[in-house]
Amino acid sequence: MKKLLLLFCCVLNAVSYVSAAEPVKTKLHSGFAWGADIGGAIDLTGNDMSTLNINAAFGYRRGVIDFIGIGAGMSSMVSNSARMFPVYGVLRSNFRTAPSLCFLDARVGCAFVNMQDNSNHTGVYIAPGLGFNLAKGKSFNSYLIVGYQYVNLNAKSESGFNIDGLNYACVRLGVNF
């Protein structure tokens with residue numbers, strides 16, 4: 001565990017060094033912004049609820065805030081017919097006014113879950129992540145986010161599932177305009 005923590009710190013240090021060393025080309029523009037991303041999430045709780053995800057959000061950007069707004073998504077469980085619909089507020093920032101390689105992505109809201117036995121549940125949705133900018137243009141930027149998702153879901157069924165919270169490791173590939 002100590003070696004893993006040391007490796008994580010070394011990678012984070014190297015990424016921040018590369019991010020700080022790159023020349024400042026342009027400032028981020030301010031105003032209305034919107035975007036979408038797709039990805040997948042692996043269930044870490046052993047409930048066989050891994051998902052394919054699609055999300056969309058719209059909001060505003062200015063200064064150190066790369067994006068602040070609201071978003072919604074759909075997560076389709078791969079191994080069964082359950083669906084999850086998160087609705088959340090999103091904050092994305094690199095904590096600088098100039099463009100950088102890395103940024104923080106935080107999403108908080110609620111998730112509406114339709115289980116395979118046709119029961120409906122609602123739970124808190126939390127999804128922090130570390131993002132990496134891939135390409136930037138005058139009117140768009142693409143990114144990759146590696147993160148974690150938690151859904152506070154308590155669901156039991158006679159058909160065999162007993163869920164007490166869902167924990168996911170997730171990857172999202174997206175674009176902002």
# chains A, B, ... in the order shown; residues from 1 in each chain; ligands from 1
call {"tool": "closest_atom_pairs", "arguments": {"of": "region 86-168 of chain A", "to": "region 58-78 of chain A", "cutoff": "7 Å", "atoms": "only C-alpha atoms", "output": "tab-separated table"}}
result
residue	atom	partner	partner_atom	distance
A:Pro86	CA	A:Gly73	CA	5.4
A:Val87	CA	A:Ala72	CA	4.4
A:Tyr88	CA	A:Gly71	CA	5.4
A:Gly89	CA	A:Ile70	CA	4.4
A:Val90	CA	A:Gly69	CA	5.4
A:Leu91	CA	A:Ile68	CA	4.6
A:Arg92	CA	A:Phe67	CA	5.0
A:Ser93	CA	A:Ile65	CA	4.8
A:Asn94	CA	A:Val64	CA	6.6
A:Phe95	CA	A:Val64	CA	5.1
A:Arg96	CA	A:Val64	CA	5.0
A:Thr97	CA	A:Val64	CA	4.8
call {"tool": "write_last_selection", "arguments": {"atoms": "all heavy atoms", "output": "JSON list (two decimals), in the first residue's frame"}}
result
[["chain", "number", "residue", "atom", "x", "y", "z"],
["A", 86, "PRO", "N", -28.57, 9.65, -13.09],
["A", 86, "PRO", "CA", -28.09, 10.68, -12.16],
["A", 86, "PRO", "C", -28.40, 12.09, -12.65],
["A", 86, "PRO", "O", -28.33, 12.38, -13.84],
["A", 86, "PRO", "CB", -26.57, 10.43, -12.12],
["A", 86, "PRO", "CG", -26.26, 9.76, -13.40],
["A", 86, "PRO", "CD", -27.49, 9.01, -13.81],
["A", 87, "VAL", "N", -28.77, 12.95, -11.72],
["A", 87, "VAL", "CA", -28.97, 14.38, -11.96],
["A", 87, "VAL", "C", -28.09, 15.08, -10.94],
["A", 87, "VAL", "O", -28.18, 14.80, -9.74],
["A", 87, "VAL", "CB", -30.45, 14.78, -11.78],
["A", 87, "VAL", "CG1", -30.63, 16.27, -11.98],
["A", 87, "VAL", "CG2", -31.34, 13.99, -12.72],
["A", 88, "TYR", "N", -27.21, 15.99, -11.40],
["A", 88, "TYR", "CA", -26.17, 16.48, -10.51],
["A", 88, "TYR", "C", -25.74, 17.90, -10.87],
["A", 88, "TYR", "O", -25.98, 18.39, -11.96],
["A", 88, "TYR", "CB", -24.94, 15.55, -10.59],
["A", 88, "TYR", "CG", -24.49, 15.27, -12.00],
["A", 88, "TYR", "CD1", -23.65, 16.15, -12.66],
["A", 88, "TYR", "CD2", -24.93, 14.15, -12.68],
["A", 88, "TYR", "CE1", -23.25, 15.92, -13.96],
["A", 88, "TYR", "CE2", -24.54, 13.90, -13.98],
["A", 88, "TYR", "CZ", -23.69, 14.78, -14.61],
["A", 88, "TYR", "OH", -23.31, 14.54, -15.90],
["A", 89, "GLY", "N", -25.07, 18.51, -9.91],
["A", 89, "GLY", "CA", -24.34, 19.74, -10.15],
["A", 89, "GLY", "C", -22.89, 19.37, -10.40],
["A", 89, "GLY", "O", -22.38, 18.43, -9.79],
["A", 90, "VAL", "N", -22.23, 20.07, -11.31],
["A", 90, "VAL", "CA", -20.85, 19.73, -11.66],
["A", 90, "VAL", "C", -19.96, 20.97, -11.52],
["A", 90, "VAL", "O", -20.38, 22.08, -11.86],
["A", 90, "VAL", "CB", -20.76, 19.12, -13.08],
["A", 90, "VAL", "CG1", -21.26, 20.09, -14.12],
["A", 90, "VAL", "CG2", -19.35, 18.68, -13.42],
["A", 91, "LEU", "N", -18.77, 20.77, -10.98],
["A", 91, "LEU", "CA", -17.76, 21.81, -10.88],
["A", 91, "LEU", "C", -16.45, 21.24, -11.41],
["A", 91, "LEU", "O", -16.02, 20.17, -10.98],
["A", 91, "LEU", "CB", -17.56, 22.26, -9.43],
["A", 91, "LEU", "CG", -16.40, 23.22, -9.18],
["A", 91, "LEU", "CD1", -16.66, 24.56, -9.85],
["A", 91, "LEU", "CD2", -16.17, 23.40, -7.70],
["A", 92, "ARG", "N", -15.86, 21.94, -12.34],
["A", 92, "ARG", "CA", -14.59, 21.50, -12.94],
["A", 92, "ARG", "C", -13.64, 22.69, -12.89],
["A", 92, "ARG", "O", -13.97, 23.77, -13.36],
["A", 92, "ARG", "CB", -14.85, 21.08, -14.38],
["A", 92, "ARG", "CG", -13.70, 20.37, -15.04],
["A", 92, "ARG", "CD", -14.08, 19.86, -16.41],
["A", 92, "ARG", "NE", -15.19, 18.93, -16.33],
["A", 92, "ARG", "CZ", -16.20, 18.90, -17.20],
["A", 92, "ARG", "NH1", -16.24, 19.73, -18.21],
["A", 92, "ARG", "NH2", -17.16, 18.02, -17.06],
["A", 93, "SER", "N", -12.44, 22.48, -12.32],
["A", 93, "SER", "CA", -11.48, 23.57, -12.19],
["A", 93, "SER", "C", -10.06, 23.04, -12.21],
["A", 93, "SER", "O", -9.79, 21.95, -11.70],
["A", 93, "SER", "CB", -11.72, 24.34, -10.89],
["A", 93, "SER", "OG", -10.76, 25.36, -10.76],
["A", 94, "ASN", "N", -9.15, 23.83, -12.79],
["A", 94, "ASN", "CA", -7.73, 23.52, -12.72],
["A", 94, "ASN", "C", -7.04, 24.45, -11.72],
["A", 94, "ASN", "O", -5.83, 24.39, -11.58],
["A", 94, "ASN", "CB", -7.08, 23.62, -14.09],
["A", 94, "ASN", "CG", -7.12, 25.01, -14.67],
["A", 94, "ASN", "OD1", -7.64, 25.94, -14.08],
["A", 94, "ASN", "ND2", -6.58, 25.16, -15.87],
["A", 95, "PHE", "N", -7.80, 25.31, -11.05],
["A", 95, "PHE", "CA", -7.33, 26.24, -10.03],
["A", 95, "PHE", "C", -6.31, 27.25, -10.57],
["A", 95, "PHE", "O", -5.50, 27.78, -9.83],
["A", 95, "PHE", "CB", -6.76, 25.48, -8.82],
["A", 95, "PHE", "CG", -7.75, 24.52, -8.24],
["A", 95, "PHE", "CD1", -7.62, 23.16, -8.46],
["A", 95, "PHE", "CD2", -8.82, 24.98, -7.50],
["A", 95, "PHE", "CE1", -8.54, 22.26, -7.94],
["A", 95, "PHE", "CE2", -9.75, 24.10, -6.98],
["A", 95, "PHE", "CZ", -9.61, 22.74, -7.20],
["A", 96, "ARG", "N", -6.36, 27.49, -11.88],
["A", 96, "ARG", "CA", -5.53, 28.48, -12.54],
["A", 96, "ARG", "C", -6.36, 29.19, -13.59],
["A", 96, "ARG", "O", -7.33, 28.66, -14.08],
["A", 96, "ARG", "CB", -4.34, 27.81, -13.25],
["A", 96, "ARG", "CG", -3.42, 27.07, -12.36],
["A", 96, "ARG", "CD", -2.41, 26.26, -13.11],
["A", 96, "ARG", "NE", -1.89, 26.96, -14.27],
["A", 96, "ARG", "CZ", -0.98, 26.47, -15.07],
["A", 96, "ARG", "NH1", -0.50, 25.27, -14.85],
["A", 96, "ARG", "NH2", -0.54, 27.14, -16.11],
["A", 97, "THR", "N", -5.97, 30.41, -13.95],
["A", 97, "THR", "CA", -6.68, 31.12, -15.01],
["A", 97, "THR", "C", -6.17, 30.72, -16.39],
["A", 97, "THR", "O", -6.83, 30.96, -17.38],
["A", 97, "THR", "CB", -6.56, 32.64, -14.85],
["A", 97, "THR", "OG1", -5.18, 32.99, -14.81],
["A", 97, "THR", "CG2", -7.27, 33.11, -13.60]]
call {"tool": "select_by_dssp", "arguments": {"residues": "chain A", "states": "helix (DSSP H, G or I)", "output": "PyMOL selection string"}}
result
chain A and resi 2-21
call {"tool": "closest_residue", "arguments": {"among": "A:Gly147, A:Pro99, A:Pro128, A:Gly35", "to": "Asn176 (chain A)", "atoms": "only C-alpha atoms"}}
result
A:Gly35
call {"tool": "closest_residue", "arguments": {"among": "A:Phe177, A:Val113, A:Thr122, A:Ala57", "to": "Lys138 (chain A)", "atoms": "only C-alpha atoms"}}
result
A:Phe177
call {"tool": "closest_residue", "arguments": {"among": "A:Ser30, A:Ser79, A:Ser50, A:Ser100", "to": "Tyr143 (chain A)", "atoms": "only C-alpha atoms"}}
result
A:Ser100
call {"tool": "atom_distance", "arguments": {"atom1": "CA of Asn167 (chain A)", "atom2": "CA of Asp43 (chain A)"}}
result
6.0 Å
call {"tool": "residues_around", "arguments": {"residues": "Gly131 (chain A)", "least_positions_apart": "6", "cutoff": "6 Å", "atoms": "only C-alpha atoms", "output": "list in words"}}
result
Cys102, Phe103, Leu104, Leu144 and Ile145 of chain A
call {"tool": "atom_distance", "arguments": {"atom1": "CA of Leu130 (chain A)", "atom2": "CA of Tyr168 (chain A)"}}
result
14.4 Å
call {"tool": "residues_around", "arguments": {"residues": "Lys156 (chain A)", "least_positions_apart": "5", "cutoff": "12 Å", "atoms": "only C-alpha atoms", "output": "PDB file with N, CA, C and O atoms, in the first residue's frame"}}
result
ATOM      1  N   ASN A  47     -21.750  -6.425  -6.675  1.00  0.00           N
ATOM      2  CA  ASN A  47     -23.182  -6.579  -6.943  1.00  0.00           C
ATOM      3  C   ASN A  47     -23.483  -6.802  -8.421  1.00  0.00           C
ATOM      4  O   ASN A  47     -24.640  -6.819  -8.810  1.00  0.00           O
ATOM      5  N   MET A 115     -34.472  -0.777 -10.823  1.00  0.00           N
ATOM      6  CA  MET A 115     -33.859  -2.103 -10.684  1.00  0.00           C
ATOM      7  C   MET A 115     -34.516  -3.106 -11.631  1.00  0.00           C
ATOM      8  O   MET A 115     -35.565  -2.855 -12.206  1.00  0.00           O
ATOM      9  N   GLN A 116     -33.885  -4.278 -11.762  1.00  0.00           N
ATOM     10  CA  GLN A 116     -34.366  -5.287 -12.690  1.00  0.00           C
ATOM     11  C   GLN A 116     -35.698  -5.904 -12.275  1.00  0.00           C
ATOM     12  O   GLN A 116     -36.384  -6.503 -13.093  1.00  0.00           O
ATOM     13  N   ASP A 117     -36.106  -5.754 -11.010  1.00  0.00           N
ATOM     14  CA  ASP A 117     -37.416  -6.260 -10.584  1.00  0.00           C
ATOM     15  C   ASP A 117     -38.498  -5.179 -10.677  1.00  0.00           C
ATOM     16  O   ASP A 117     -39.545  -5.296 -10.051  1.00  0.00           O
ATOM     17  N   SER A 119     -38.542  -2.230  -9.408  1.00  0.00           N
ATOM     18  CA  SER A 119     -38.643  -1.334  -8.259  1.00  0.00           C
ATOM     19  C   SER A 119     -37.800  -0.092  -8.523  1.00  0.00           C
ATOM     20  O   SER A 119     -36.802  -0.141  -9.241  1.00  0.00           O
ATOM     21  N   ASN A 120     -38.218   1.033  -7.969  1.00  0.00           N
ATOM     22  CA  ASN A 120     -37.535   2.312  -8.158  1.00  0.00           C
ATOM     23  C   ASN A 120     -36.933   2.772  -6.840  1.00  0.00           C
ATOM     24  O   ASN A 120     -37.565   2.671  -5.791  1.00  0.00           O
ATOM     25  N   HIS A 121     -35.706   3.286  -6.904  1.00  0.00           N
ATOM     26  CA  HIS A 121     -34.994   3.753  -5.722  1.00  0.00           C
ATOM     27  C   HIS A 121     -34.306   5.074  -6.050  1.00  0.00           C
ATOM     28  O   HIS A 121     -33.977   5.345  -7.196  1.00  0.00           O
ATOM     29  N   PHE A 161     -30.967  -9.979  -5.160  1.00  0.00           N
ATOM     30  CA  PHE A 161     -29.979  -8.922  -4.965  1.00  0.00           C
ATOM     31  C   PHE A 161     -30.193  -8.229  -3.631  1.00  0.00           C
ATOM     32  O   PHE A 161     -31.310  -8.081  -3.150  1.00  0.00           O
ATOM     33  N   ASN A 162     -29.090  -7.853  -3.009  1.00  0.00           N
ATOM     34  CA  ASN A 162     -29.080  -7.149  -1.731  1.00  0.00           C
ATOM     35  C   ASN A 162     -27.984  -6.085  -1.825  1.00  0.00           C
ATOM     36  O   ASN A 162     -26.818  -6.379  -1.645  1.00  0.00           O
ATOM     37  N   ILE A 163     -28.381  -4.859  -2.112  1.00  0.00           N
ATOM     38  CA  ILE A 163     -27.424  -3.785  -2.363  1.00  0.00           C
ATOM     39  C   ILE A 163     -27.456  -2.787  -1.215  1.00  0.00           C
ATOM     40  O   ILE A 163     -28.510  -2.290  -0.848  1.00  0.00           O
ATOM     41  N   ASP A 164     -26.280  -2.515  -0.662  1.00  0.00           N
ATOM     42  CA  ASP A 164     -26.136  -1.511   0.384  1.00  0.00           C
ATOM     43  C   ASP A 164     -25.056  -0.527  -0.052  1.00  0.00           C
ATOM     44  O   ASP A 164     -23.942  -0.550   0.431  1.00  0.00           O
ATOM     45  N   GLY A 165     -25.388   0.312  -1.019  1.00  0.00           N
ATOM     46  CA  GLY A 165     -24.449   1.285  -1.567  1.00  0.00           C
ATOM     47  C   GLY A 165     -23.689   0.720  -2.748  1.00  0.00           C
ATOM     48  O   GLY A 165     -23.327  -0.457  -2.760  1.00  0.00           O
TER      49      GLY A 165
END
call {"tool": "atom_distance", "arguments": {"atom1": "CA of Asp105 (chain A)", "atom2": "CA of Tyr150 (chain A)"}}
result
14.3 Å
call {"tool": "select_by_dssp", "arguments": {"residues": "chain A", "states": "strand (DSSP E or B)", "output": "PyMOL selection string"}}
result
chain A and resi 31-43+51-62+65-77+83-93+102-114+120-136+141-156+162-176
